[in-house]
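Here is the file target-v2.cif (mmCIF, C-alpha atoms).
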data_target
#
loop_
_atom_site.label_atom_id
_atom_site.label_comp_id
_atom_site.auth_asym_id
_atom_site.auth_seq_id
_atom_site.Cartn_x
_atom_site.Cartn_y
_atom_site.Cartn_z
CA MET A 1 -128.62 57.51 7.22
CA ASP A 2 -126.43 55.07 5.31
CA LEU A 3 -122.65 55.36 4.95
CA ASN A 4 -122.77 57.10 1.56
CA GLU A 5 -125.18 59.74 2.84
CA LYS A 6 -122.97 60.34 5.88
CA GLN A 7 -119.87 60.77 3.74
CA THR A 8 -121.50 63.31 1.43
CA SER A 9 -122.74 65.34 4.41
CA VAL A 10 -119.19 65.95 5.66
CA ARG A 11 -117.89 69.26 4.35
CA LYS A 12 -114.57 69.38 2.56
CA LYS A 13 -112.17 72.00 3.97
CA VAL A 14 -110.34 74.13 1.42
CA LEU A 15 -107.66 76.69 2.28
CA ILE A 16 -107.74 79.92 0.23
CA VAL A 17 -104.63 82.09 0.24
CA THR A 18 -105.39 85.65 -0.82
CA TYR A 19 -103.87 89.07 -0.26
CA TYR A 20 -106.96 91.16 -1.06
CA TRP A 21 -109.78 90.86 1.47
CA PRO A 22 -112.11 93.40 3.07
CA PRO A 23 -111.55 96.16 3.97
CA ALA A 24 -109.53 96.19 0.73
CA GLY A 25 -111.42 97.97 -2.03
CA GLY A 26 -111.22 97.66 -5.78
CA PRO A 27 -111.99 94.74 -8.08
CA GLY A 28 -109.35 92.32 -6.76
CA VAL A 29 -111.25 91.60 -3.55
CA GLN A 30 -114.63 90.75 -5.10
CA ARG A 31 -113.81 87.42 -6.74
CA TRP A 32 -112.89 85.38 -3.68
CA LEU A 33 -115.18 87.24 -1.31
CA LYS A 34 -118.08 85.96 -3.44
CA PHE A 35 -116.68 82.45 -3.86
CA VAL A 36 -116.31 82.20 -0.08
CA LYS A 37 -119.91 83.37 0.30
CA TYR A 38 -121.30 80.54 -1.85
CA LEU A 39 -118.88 77.62 -1.38
CA PRO A 40 -120.73 76.29 1.70
CA ASP A 41 -123.80 75.83 -0.53
CA PHE A 42 -121.77 73.18 -2.37
CA ASN A 43 -120.58 71.31 0.73
CA ILE A 44 -117.21 73.06 0.90
CA GLU A 45 -115.91 74.86 3.99
CA PRO A 46 -113.53 77.69 3.05
CA VAL A 47 -110.71 78.72 5.35
CA VAL A 48 -109.26 82.07 4.29
CA TYR A 49 -105.63 83.02 4.93
CA ILE A 50 -104.85 86.75 4.68
CA PRO A 51 -102.18 89.21 5.87
CA GLU A 52 -102.69 90.63 9.35
CA ASN A 53 -101.41 94.13 8.58
CA PRO A 54 -101.69 94.72 4.81
CA ASN A 55 -101.00 98.00 3.06
CA TYR A 56 -104.08 98.20 0.83
CA PRO A 57 -103.92 101.04 -1.74
CA ILE A 58 -107.74 101.26 -1.76
CA VAL A 59 -110.02 100.71 1.23
CA ASP A 60 -113.77 100.06 1.15
CA ASP A 61 -115.13 99.41 4.65
CA SER A 62 -118.60 98.68 3.26
CA LEU A 63 -117.34 95.28 2.03
CA LEU A 64 -116.71 94.10 5.60
CA SER A 65 -120.44 93.44 5.98
CA GLU A 66 -120.27 90.90 3.13
CA ILE A 67 -117.89 88.53 4.95
CA PRO A 68 -119.92 85.49 6.05
CA ASP A 69 -120.07 85.17 9.85
CA SER A 70 -119.32 81.46 9.64
CA VAL A 71 -116.09 81.66 7.64
CA THR A 72 -112.78 80.86 9.37
CA ILE A 73 -110.16 83.56 8.74
CA ILE A 74 -106.54 83.11 9.76
CA LYS A 75 -103.89 85.82 9.59
CA GLN A 76 -100.15 86.28 9.78
CA PRO A 77 -98.11 89.52 9.73
CA ILE A 78 -96.68 90.75 6.45
CA SER A 79 -93.70 93.02 5.84
CA GLU A 80 -94.74 95.69 3.32
CA PRO A 81 -91.91 97.56 1.50
CA TYR A 82 -94.43 100.11 0.22
CA LYS A 83 -94.62 101.52 3.73
CA LEU A 84 -90.87 102.20 3.72
CA ALA A 85 -90.95 103.55 0.17
CA GLY A 86 -93.72 105.89 1.25
CA LEU A 87 -91.22 107.78 3.39
CA PHE A 88 -89.66 109.05 0.14
CA SER A 89 -92.89 109.77 -1.74
CA LYS A 90 -96.22 108.60 -0.39
CA LYS A 91 -98.12 109.72 -3.50
CA LYS A 92 -95.84 107.95 -6.01
CA THR A 93 -95.66 104.82 -3.87
CA THR A 94 -99.44 104.63 -3.56
CA THR A 95 -100.02 105.03 -7.28
CA ILE A 96 -97.41 102.39 -8.18
CA SER A 97 -98.93 99.96 -5.67
CA LYS A 98 -102.26 100.44 -7.49
CA GLY A 99 -100.61 99.56 -10.79
CA ILE A 100 -100.84 103.17 -11.94
CA ILE A 101 -97.64 104.03 -13.80
CA THR A 102 -96.96 107.41 -15.41
CA ASN A 103 -96.05 107.49 -19.10
CA ASP A 104 -92.30 107.01 -19.63
CA ASN A 105 -91.69 110.54 -20.90
CA LYS A 106 -93.30 112.08 -17.79
CA GLN A 107 -91.69 109.95 -15.07
CA THR A 108 -89.61 111.69 -12.43
CA ALA A 109 -86.20 110.32 -11.46
CA LEU A 110 -87.72 109.12 -8.17
CA GLU A 111 -90.50 107.26 -9.96
CA GLN A 112 -88.01 105.63 -12.33
CA ALA A 113 -85.93 104.51 -9.35
CA LEU A 114 -88.98 103.12 -7.51
CA LEU A 115 -90.04 101.18 -10.62
CA PHE A 116 -86.54 99.75 -11.11
CA ILE A 117 -86.37 98.64 -7.46
CA ARG A 118 -89.90 97.19 -7.59
CA GLY A 119 -89.18 95.23 -10.78
CA ASN A 120 -85.69 93.93 -10.07
CA PHE A 121 -85.39 93.56 -6.29
CA PHE A 122 -88.91 92.36 -5.47
CA ILE A 123 -89.49 89.34 -7.70
CA PRO A 124 -92.20 88.49 -8.41
CA ASP A 125 -93.65 91.44 -6.45
CA ALA A 126 -93.43 93.52 -3.30
CA ARG A 127 -95.21 90.90 -1.14
CA LYS A 128 -92.50 88.24 -1.64
CA ARG A 129 -91.34 88.49 1.98
CA TRP A 130 -94.67 86.98 3.09
CA VAL A 131 -93.88 83.67 1.38
CA LYS A 132 -91.44 82.10 3.82
CA PRO A 133 -93.29 82.86 7.09
CA SER A 134 -96.60 81.85 5.47
CA VAL A 135 -95.24 78.47 4.39
CA ALA A 136 -93.93 77.85 7.91
CA TYR A 137 -97.22 78.79 9.57
CA LEU A 138 -99.52 77.05 7.09
CA SER A 139 -97.56 73.81 7.08
CA SER A 140 -98.49 73.26 10.72
CA TYR A 141 -102.03 74.58 10.31
CA ILE A 142 -102.79 72.35 7.31
CA LYS A 143 -101.60 69.23 9.14
CA ALA A 144 -103.55 70.10 12.28
CA GLU A 145 -106.79 70.78 10.39
CA GLY A 146 -106.54 67.88 7.94
CA ILE A 147 -106.70 70.12 4.87
CA ASP A 148 -105.74 68.49 1.57
CA THR A 149 -106.68 71.21 -0.96
CA ILE A 150 -105.37 74.77 -1.22
CA ILE A 151 -106.04 77.65 -3.60
CA THR A 152 -103.74 80.60 -4.20
CA THR A 153 -104.97 83.64 -6.07
CA GLY A 154 -102.85 86.33 -7.68
CA PRO A 155 -101.86 89.01 -8.25
CA PRO A 156 -99.84 89.45 -6.19
CA HIS A 157 -98.30 86.39 -7.84
CA SER A 158 -95.93 85.86 -4.90
CA LEU A 159 -98.89 84.11 -3.27
CA HIS A 160 -98.52 81.34 -5.85
CA LEU A 161 -95.04 80.74 -4.45
CA ILE A 162 -96.71 79.92 -1.13
CA GLY A 163 -98.73 77.28 -2.96
CA LEU A 164 -95.63 76.04 -4.77
CA GLU A 165 -93.68 75.48 -1.56
CA LEU A 166 -96.62 73.90 0.27
CA LYS A 167 -97.24 71.57 -2.67
CA ARG A 168 -93.62 70.44 -2.64
CA LYS A 169 -93.57 70.06 1.11
CA LEU A 170 -96.94 68.43 1.82
CA HIS A 171 -98.04 66.94 -1.53
CA LEU A 172 -101.40 68.74 -1.46
CA THR A 173 -103.87 69.31 -4.25
CA TRP A 174 -103.13 72.87 -5.35
CA LEU A 175 -105.22 75.13 -7.58
CA ALA A 176 -103.55 78.35 -8.79
CA ASP A 177 -106.05 81.08 -9.68
CA PHE A 178 -104.83 83.84 -12.02
CA ARG A 179 -107.06 86.89 -11.94
CA ASP A 180 -104.55 88.49 -14.34
CA PRO A 181 -101.65 87.06 -16.35
CA TRP A 182 -98.13 87.19 -14.89
CA THR A 183 -95.31 88.01 -17.31
CA THR A 184 -97.56 89.31 -20.11
CA ILE A 185 -99.62 91.81 -18.12
CA GLY A 186 -99.27 95.30 -19.58
CA TYR A 187 -97.52 97.02 -16.66
CA HIS A 188 -94.89 94.26 -16.47
CA LYS A 189 -93.06 95.90 -19.38
CA GLN A 190 -92.89 99.18 -17.46
CA LEU A 191 -90.93 97.78 -14.50
CA LYS A 192 -87.52 98.45 -16.13
CA LEU A 193 -86.51 94.79 -15.77
CA THR A 194 -82.97 93.63 -16.39
CA LYS A 195 -82.64 90.51 -18.54
CA GLY A 196 -81.82 88.49 -15.44
CA ALA A 197 -84.90 89.73 -13.59
CA GLU A 198 -87.12 89.06 -16.60
CA ASN A 199 -85.83 85.50 -16.84
CA LYS A 200 -86.42 84.96 -13.13
CA HIS A 201 -90.05 86.07 -13.49
CA LYS A 202 -90.52 83.64 -16.38
CA LYS A 203 -88.89 80.80 -14.46
CA LEU A 204 -91.12 81.31 -11.42
CA GLU A 205 -94.19 81.53 -13.65
CA GLN A 206 -93.18 78.29 -15.36
CA ASP A 207 -92.64 76.54 -12.00
CA VAL A 208 -96.13 77.53 -10.85
CA LEU A 209 -97.88 76.62 -14.10
CA ARG A 210 -96.21 73.21 -14.29
CA THR A 211 -96.53 72.26 -10.62
CA ALA A 212 -100.08 73.27 -9.69
CA ASN A 213 -102.60 70.46 -10.12
CA ARG A 214 -104.95 72.81 -11.94
CA ILE A 215 -104.80 76.37 -13.24
CA ILE A 216 -107.84 78.65 -13.08
CA VAL A 217 -108.00 81.75 -15.29
CA THR A 218 -110.59 84.43 -15.87
CA SER A 219 -110.45 84.59 -19.67
CA TYR A 220 -110.12 82.37 -22.72
CA VAL A 221 -107.24 84.47 -24.06
CA THR A 222 -105.24 83.73 -20.90
CA LYS A 223 -106.12 80.05 -21.17
CA ALA A 224 -104.72 79.95 -24.72
CA GLU A 225 -101.54 81.71 -23.52
CA PHE A 226 -101.00 79.31 -20.63
CA GLU A 227 -101.68 76.25 -22.77
CA GLU A 228 -98.44 77.12 -24.58
CA LYS A 229 -96.58 76.97 -21.24
CA THR A 230 -98.02 73.96 -19.40
CA ASN A 231 -99.75 70.64 -19.88
CA GLN A 232 -101.66 70.96 -16.60
CA PRO A 233 -105.46 71.29 -16.92
CA ILE A 234 -106.71 74.87 -17.21
CA SER A 235 -110.25 75.99 -16.38
CA VAL A 236 -111.86 79.30 -17.27
CA ILE A 237 -114.01 80.72 -14.48
CA THR A 238 -114.76 84.35 -15.20
CA ASN A 239 -115.74 86.97 -12.70
CA GLY A 240 -119.44 87.61 -12.40
CA TYR A 241 -122.32 89.48 -10.80
CA ASP A 242 -124.01 88.99 -7.47
CA VAL A 243 -127.50 89.81 -6.29
CA ASN A 244 -127.28 93.44 -5.23
CA HIS A 245 -129.63 95.03 -2.75
CA VAL A 246 -129.03 98.66 -3.71
CA ALA A 247 -132.50 100.19 -3.97
CA LYS A 248 -133.50 100.90 -7.54
CA SER A 249 -133.78 104.61 -8.22
CA GLU A 250 -134.76 106.79 -11.13
CA LEU A 251 -132.54 106.97 -14.17
CA ASP A 252 -130.58 110.16 -14.66
CA ALA A 253 -132.62 112.89 -16.32
CA GLN A 254 -129.62 113.81 -18.49
CA PHE A 255 -128.02 111.63 -21.17
CA THR A 256 -125.26 110.38 -18.88
CA LEU A 257 -122.36 108.23 -19.96
CA ALA A 258 -120.58 106.71 -16.95
CA HIS A 259 -117.17 105.10 -16.65
CA ILE A 260 -116.72 103.16 -13.42
CA GLY A 261 -113.12 102.46 -12.39
CA SER A 262 -109.66 103.83 -13.13
CA LEU A 263 -108.76 105.66 -16.32
CA LEU A 264 -104.99 105.27 -16.41
CA SER A 265 -102.69 107.25 -18.67
CA LYS A 266 -102.77 104.66 -21.46
CA ARG A 267 -106.49 104.00 -21.06
CA ASN A 268 -107.28 107.17 -22.95
CA PRO A 269 -109.81 106.70 -25.79
CA GLU A 270 -109.34 109.84 -27.85
CA ILE A 271 -111.71 108.33 -30.42
CA LEU A 272 -114.49 108.67 -27.79
CA TRP A 273 -113.57 112.23 -26.84
CA GLN A 274 -113.56 113.14 -30.55
CA ALA A 275 -116.96 111.55 -31.18
CA LEU A 276 -118.53 113.29 -28.18
CA SER A 277 -116.99 116.62 -29.14
CA ASP A 278 -118.33 116.33 -32.68
CA LEU A 279 -121.83 115.38 -31.50
CA ILE A 280 -121.87 118.38 -29.17
CA ALA A 281 -120.93 120.64 -32.09
CA GLU A 282 -123.44 119.09 -34.48
CA LYS A 283 -126.48 118.59 -32.22
CA PRO A 284 -127.52 121.44 -29.90
CA ASN A 285 -129.89 119.16 -27.96
CA PHE A 286 -127.10 116.66 -27.36
CA ALA A 287 -124.94 119.45 -25.96
CA THR A 288 -127.72 120.37 -23.56
CA ASP A 289 -128.48 116.83 -22.41
CA PHE A 290 -125.03 115.23 -22.25
CA LYS A 291 -122.95 114.59 -19.11
CA LEU A 292 -119.92 112.33 -18.55
CA ASN A 293 -119.59 110.71 -15.10
CA LEU A 294 -116.07 109.55 -14.26
CA VAL A 295 -116.33 107.35 -11.17
CA GLY A 296 -112.87 106.34 -9.95
CA PHE A 297 -109.29 107.50 -10.35
CA VAL A 298 -108.57 109.50 -13.53
CA SER A 299 -104.99 110.28 -14.52
CA GLU A 300 -103.89 113.81 -15.31
CA ASP A 301 -103.01 112.71 -18.85
CA VAL A 302 -106.61 111.63 -19.48
CA LEU A 303 -108.05 114.80 -17.95
CA GLN A 304 -105.80 116.93 -20.15
CA SER A 305 -106.88 114.95 -23.20
CA ILE A 306 -110.56 115.42 -22.35
CA ASP A 307 -109.96 119.15 -21.90
CA SER A 308 -108.24 119.38 -25.30
CA TYR A 309 -111.49 118.22 -26.91
CA GLY A 310 -113.50 120.88 -25.09
CA LEU A 311 -115.30 118.41 -22.84
CA SER A 312 -114.25 119.62 -19.37
CA HIS A 313 -117.54 121.49 -18.96
CA TYR A 314 -119.45 118.21 -19.37
CA ILE A 315 -117.50 116.14 -16.84
CA ASN A 316 -118.64 115.09 -13.39
CA GLU A 317 -115.38 113.82 -11.86
CA VAL A 318 -116.67 111.75 -8.94
CA GLY A 319 -113.47 109.99 -7.81
CA TYR A 320 -113.29 106.71 -5.92
CA VAL A 321 -116.51 105.60 -4.20
CA SER A 322 -117.60 102.48 -2.30
CA HIS A 323 -118.72 99.46 -4.28
CA GLU A 324 -122.31 100.09 -3.24
CA GLU A 325 -122.16 103.66 -4.53
CA ALA A 326 -120.51 102.49 -7.77
CA VAL A 327 -123.42 100.09 -8.36
CA ARG A 328 -125.82 102.97 -7.84
CA PHE A 329 -124.07 104.93 -10.60
CA GLN A 330 -124.31 101.87 -12.85
CA LYS A 331 -128.05 101.58 -12.35
CA ASN A 332 -128.79 105.31 -12.73
CA SER A 333 -126.67 106.12 -15.78
CA GLN A 334 -128.07 106.01 -19.29
CA VAL A 335 -125.02 104.37 -20.93
CA LEU A 336 -122.04 102.61 -19.34
CA LEU A 337 -118.48 102.86 -20.64
CA LEU A 338 -115.80 100.20 -20.49
CA ILE A 339 -112.37 101.29 -21.71
CA GLU A 340 -109.28 99.11 -22.10
CA ILE A 341 -105.77 99.93 -23.29
CA ASP A 342 -105.29 99.42 -27.01
CA SER A 343 -102.77 96.59 -26.82
CA PRO A 344 -102.75 92.84 -27.57
CA ASP A 345 -101.70 92.37 -23.92
CA THR A 346 -105.14 93.52 -22.73
CA ARG A 347 -107.23 91.16 -24.88
CA CYS A 348 -107.45 88.86 -21.85
CA ILE A 349 -108.67 91.52 -19.42
CA ILE A 350 -112.34 91.10 -18.50
CA PRO A 351 -113.04 93.69 -15.79
CA GLY A 352 -115.30 92.48 -13.01
CA LYS A 353 -117.51 95.51 -13.55
CA LEU A 354 -118.51 94.17 -16.98
CA PHE A 355 -120.74 91.58 -15.34
CA GLU A 356 -122.37 94.14 -13.07
CA TYR A 357 -122.87 96.33 -16.12
CA MET A 358 -124.61 93.41 -17.85
CA VAL A 359 -127.32 93.10 -15.19
CA SER A 360 -127.86 96.85 -14.77
CA GLU A 361 -130.16 96.91 -17.84
CA ARG A 362 -128.12 99.79 -19.19
CA PRO A 363 -126.36 99.44 -22.58
CA THR A 364 -122.56 99.21 -22.53
CA ILE A 365 -120.16 100.85 -24.95
CA ALA A 366 -116.76 99.17 -24.77
CA ILE A 367 -113.54 100.27 -26.50
CA GLY A 368 -110.45 98.10 -26.64
CA PRO A 369 -108.14 95.94 -28.76
CA GLU A 370 -109.19 93.55 -31.50
CA GLY A 371 -109.81 89.98 -30.36
CA SER A 372 -110.85 90.87 -26.80
CA ASP A 373 -112.87 88.45 -24.67
CA VAL A 374 -115.01 91.44 -23.67
CA ALA A 375 -116.27 91.75 -27.26
CA SER A 376 -117.33 88.09 -27.28
CA ILE A 377 -119.22 88.36 -23.99
CA LEU A 378 -121.07 91.54 -24.97
CA LYS A 379 -122.16 89.94 -28.24
CA GLU A 380 -123.15 86.65 -26.58
CA THR A 381 -125.28 88.39 -23.93
CA ASN A 382 -126.68 91.18 -26.12
CA THR A 383 -125.71 93.77 -23.52
CA GLY A 384 -123.58 96.23 -25.45
CA SER A 385 -121.39 97.21 -28.38
CA TYR A 386 -117.64 96.84 -28.80
CA PHE A 387 -115.36 99.14 -30.80
CA LYS A 388 -111.70 99.16 -31.69
CA TYR A 389 -109.69 102.37 -31.45
CA ASP A 390 -110.11 103.09 -35.18
CA ASP A 391 -113.91 102.57 -35.31
CA TYR A 392 -114.73 106.29 -35.14
CA ASN A 393 -117.75 106.32 -37.47
CA ALA A 394 -119.37 103.24 -35.92
CA LEU A 395 -118.78 104.53 -32.39
CA LYS A 396 -120.23 107.94 -33.12
CA MET A 397 -123.26 106.36 -34.79
CA GLN A 398 -123.89 104.08 -31.80
CA ILE A 399 -123.77 106.98 -29.34
CA GLU A 400 -126.21 108.86 -31.57
CA LEU A 401 -128.55 105.86 -31.70
CA HIS A 402 -128.48 105.58 -27.91
CA TYR A 403 -129.19 109.29 -27.62
CA ASP A 404 -132.18 109.00 -29.95
CA SER A 405 -133.52 106.09 -27.84
CA PHE A 406 -132.97 108.18 -24.72
CA LYS A 407 -135.05 111.02 -26.18
CA ARG A 408 -137.83 108.54 -26.99
CA GLY A 409 -137.66 107.08 -23.47
CA SER A 410 -136.80 103.59 -24.77
CA LEU A 411 -133.09 103.26 -23.99
CA GLN A 412 -132.48 99.90 -22.30
CA ALA A 413 -130.33 96.79 -22.67
CA HIS A 414 -132.06 93.43 -23.09
CA GLY A 415 -129.56 90.85 -21.88
CA ILE A 416 -129.83 87.15 -22.64
CA GLY A 417 -128.20 84.13 -20.98
CA LEU A 418 -126.87 86.10 -18.01
CA GLN A 419 -127.49 83.43 -15.36
CA LYS A 420 -124.27 81.54 -16.21
CA TYR A 421 -122.33 84.59 -14.97
CA SER A 422 -124.00 84.77 -11.56
CA ARG A 423 -121.55 84.38 -8.68
CA LYS A 424 -123.43 81.34 -7.39
CA ALA A 425 -123.34 79.56 -10.77
CA LEU A 426 -119.62 80.32 -11.09
CA THR A 427 -118.99 78.99 -7.58
CA LYS A 428 -120.74 75.76 -8.56
CA SER A 429 -118.27 75.43 -11.45
CA LEU A 430 -115.40 76.06 -9.03
CA SER A 431 -116.66 73.47 -6.55
CA GLU A 432 -116.62 70.81 -9.27
CA LEU A 433 -112.85 71.19 -9.61
CA PHE A 434 -112.11 69.95 -6.08
#
What would the structure in this file look like if it were written as structure tokens?
Amino acid sequence: MDLNEKQTSVRKKVLIVTYYWPPAGGPGVQRWLKFVKYLPDFNIEPVVYIPENPNYPIVDDSLLSEIPDSVTIIKQPISEPYKLAGLFSKKKTTTISKGIITNDNKQTALEQALLFIRGNFFIPDARKRWVKPSVAYLSSYIKAEGIDTIITTGPPHSLHLIGLELKRKLHLTWLADFRDPWTTIGYHKQLKLTKGAENKHKKLEQDVLRTANRIIVTSYVTKAEFEEKTNQPISVITNGYDVNHVAKSELDAQFTLAHIGSLLSKRNPEILWQALSDLIAEKPNFATDFKLNLVGFVSEDVLQSIDSYGLSHYINEVGYVSHEEAVRFQKNSQVLLLIEIDSPDTRCIIPGKLFEYMVSERPTIAIGPEGSDVASILKETNTGSYFKYDDYNALKMQIELHYDSFKRGSLQAHGIGLQKYSRKALTKSLSELF
């Protein structure tokens, strides 16, 4: 073996700072769990830094089996204010920690107070108290292990402050990964921020964007937004799909539409409820065959809206399930639904489930704002249809076309170019940034 061969065989160590890690459930944990799985294939050894005693709003123990045996995981305690807030109202605290915020006109005084405290006293978020002890611990660890590259992933965006301080202190190469935007994310406006608090958020965001050696984002809309705020290089690495070993089973016998994930108060597509209600009234066979599977948290506002259109009888409200069970629903359902809030702020949101939808061979119906990255991906991959909130006629027609294909036994999506969204291909793109 010559010197060049020997050098390339030595793995590069990279430190990944993340809050969400199994047994955390929900979409936030999937991205870096999968990157960690495949990085060794590209000669990179990941070291994962996580909280020792986190307060995860959603838990999915099934994901623990996906952690590679060989990965090094280091932990430090975290002080979680949500635990203290839970003494006043465990239910409200849990929903706020999930990012679920009641409509303004229905908020209790307690919820308003919790939101004000969260927005103005915990900047950038409730995990800020983990920054200082993490910097102290990791400074020594990084030196001892000879690590020269770190990645922070947010939200929670306080983790980027760990990267910021380590970068200033140790002059590392630092990549800041934004799974969601910071100051332009939809719920940010609901935190009842004072002008001073809002400016502090923007200043911290600016510090991170201008100090990190490279920014990673999950959508092209976010890239365009950040390009207005920094001259640092920005790479788009979307979420993706992984090979899934859930046994293939028979499709549902009924014409099932399935939404996987949370339906928050503002994620309420009345255009869809109207179209379904009208099809039930107009087509007796549709009324007999149709069922709506809601897999995940559904707000009371959405349930009331569904009931107002006479659809309660057709709902199967499943609630939160493990990721494995969610994939089973994706593969069994006739049509998959993807709903986003009708706001320019959500154009950048590409839910991780979209990519699993794309390889399920089931057609997707997506509803969201104009100019969404989701619309572009569905069109590019030929895996579904996208509708704005005023596309009633087109949406109703598409559901009817899918129903007719279902009756003929020919309903299926025929995706193209999906390989670029595999978790392994995306990890290869990530590895080329180091």
Test item: the PyMOL selection byres ((chain A and resi 55-71) around 9) resolved as JSON, numbers by chain: {"A": [20, 21, 22, 23, 24, 25, 26, 30, 33, 34, 36, 37, 45, 46, 47, 48, 53, 54, 72, 73, 80, 82, 83, 94, 95, 97, 98, 320, 321, 322, 323, 324]}
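The list of residues with at least one atom within 12 Å of Gly196 of chain A, based on all atoms listed in the file and without residues fewer than 6 positions apart in the same chain, reads Gly119, Asn120, Phe121, Ile123, Lys202 and Lys203 of chain A.
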Selection result for the PyMOL selection byres ((chain A and resi 380) around 12) on this file, as a PyMOL selection string: chain A and resi 358+373-379+381-386+414-418+420-421
Nearest candidate to Leu279 of chain A (options A:Ile147, A:Leu401, A:Leu336, A:Ala212; using all atoms listed in the file): A:Leu401
Residues matched by the PyMOL selection byres ((chain A and resi 393) around 12) as a list in words: Ile271, Leu272, Gln274, Ala275, Leu276, Asp278, Leu279, Phe387, Lys388, Tyr389, Asp390, Asp391, Tyr392, Ala394, Leu395, Lys396, Met397, Gln398, Ile399 and Glu400 of chain A
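The nearest approach to Arg347 of chain A among the residues A:Ile185, A:Leu193, A:Val135, A:Ala425, with all atoms listed in the file taken into account, belongs to A:Ile185.
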Minimum-distance residue to Ser360 of chain A, chosen among A:Ser431, A:Tyr241, A:Leu294, A:Phe255 (using all atoms listed in the file): A:Tyr241
From A:Thr211, A:Gln254, A:Thr173, A:Ser134, residue lying nearest Asp289 of chain A [all atoms listed in the file]: A:Gln254
Coordinates-based distance that separates atom CA of Leu161 of chain A from atom CA of Glu228 of chain A (Å, one decimal): 20.7 Å
Using only C-alpha atoms, tabulate the residues of segment 180-274 of chain A lying at most 12 Å from any atom of segment 350-353 of chain A, each with its closest atom pair and that distance in Å to one decimal, by chain and increasing residue number, as a tab-separated table.
residue	atom	partner	partner_atom	distance
A:Asp180	CA	A:Ile350	CA	9.2
A:Pro181	CA	A:Ile350	CA	11.6
A:Val217	CA	A:Ile350	CA	10.8
A:Thr218	CA	A:Ile350	CA	7.4
A:Ser219	CA	A:Ile350	CA	6.9
A:Tyr220	CA	A:Ile350	CA	9.9
A:Val221	CA	A:Ile350	CA	10.0
A:Thr222	CA	A:Ile350	CA	10.5
A:Val236	CA	A:Ile350	CA	11.9
A:Ile237	CA	A:Ile350	CA	11.3
A:Thr238	CA	A:Ile350	CA	7.9
A:Asn239	CA	A:Gly352	CA	5.5
A:Gly240	CA	A:Gly352	CA	6.4
A:Tyr241	CA	A:Gly352	CA	7.9
A:Asp242	CA	A:Gly352	CA	10.9
A:His259	CA	A:Lys353	CA	10.1
A:Ile260	CA	A:Lys353	CA	7.7
A:Gly261	CA	A:Lys353	CA	8.3
A:Ser262	CA	A:Pro351	CA	11.0
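For the atom pair formed by atom CA of Thr18 of chain A and atom CA of Arg328 of chain A, the distance is 27.7 Å, given to one decimal.
Taking atom CA of Ser79 of chain A and atom CA of Val131 of chain A as endpoints, the distance between them is 10.4 Å.
Residue nearest Tyr49 of chain A, chosen from A:Gly296, A:Gly163, A:Gly319, A:Pro344 and counting all atoms listed in the file: A:Gly163.
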Using only C-alpha atoms: which of A:Phe178, A:Tyr314, A:Trp273, A:Phe297 has the shortest distance to Leu159 of chain A: A:Phe178
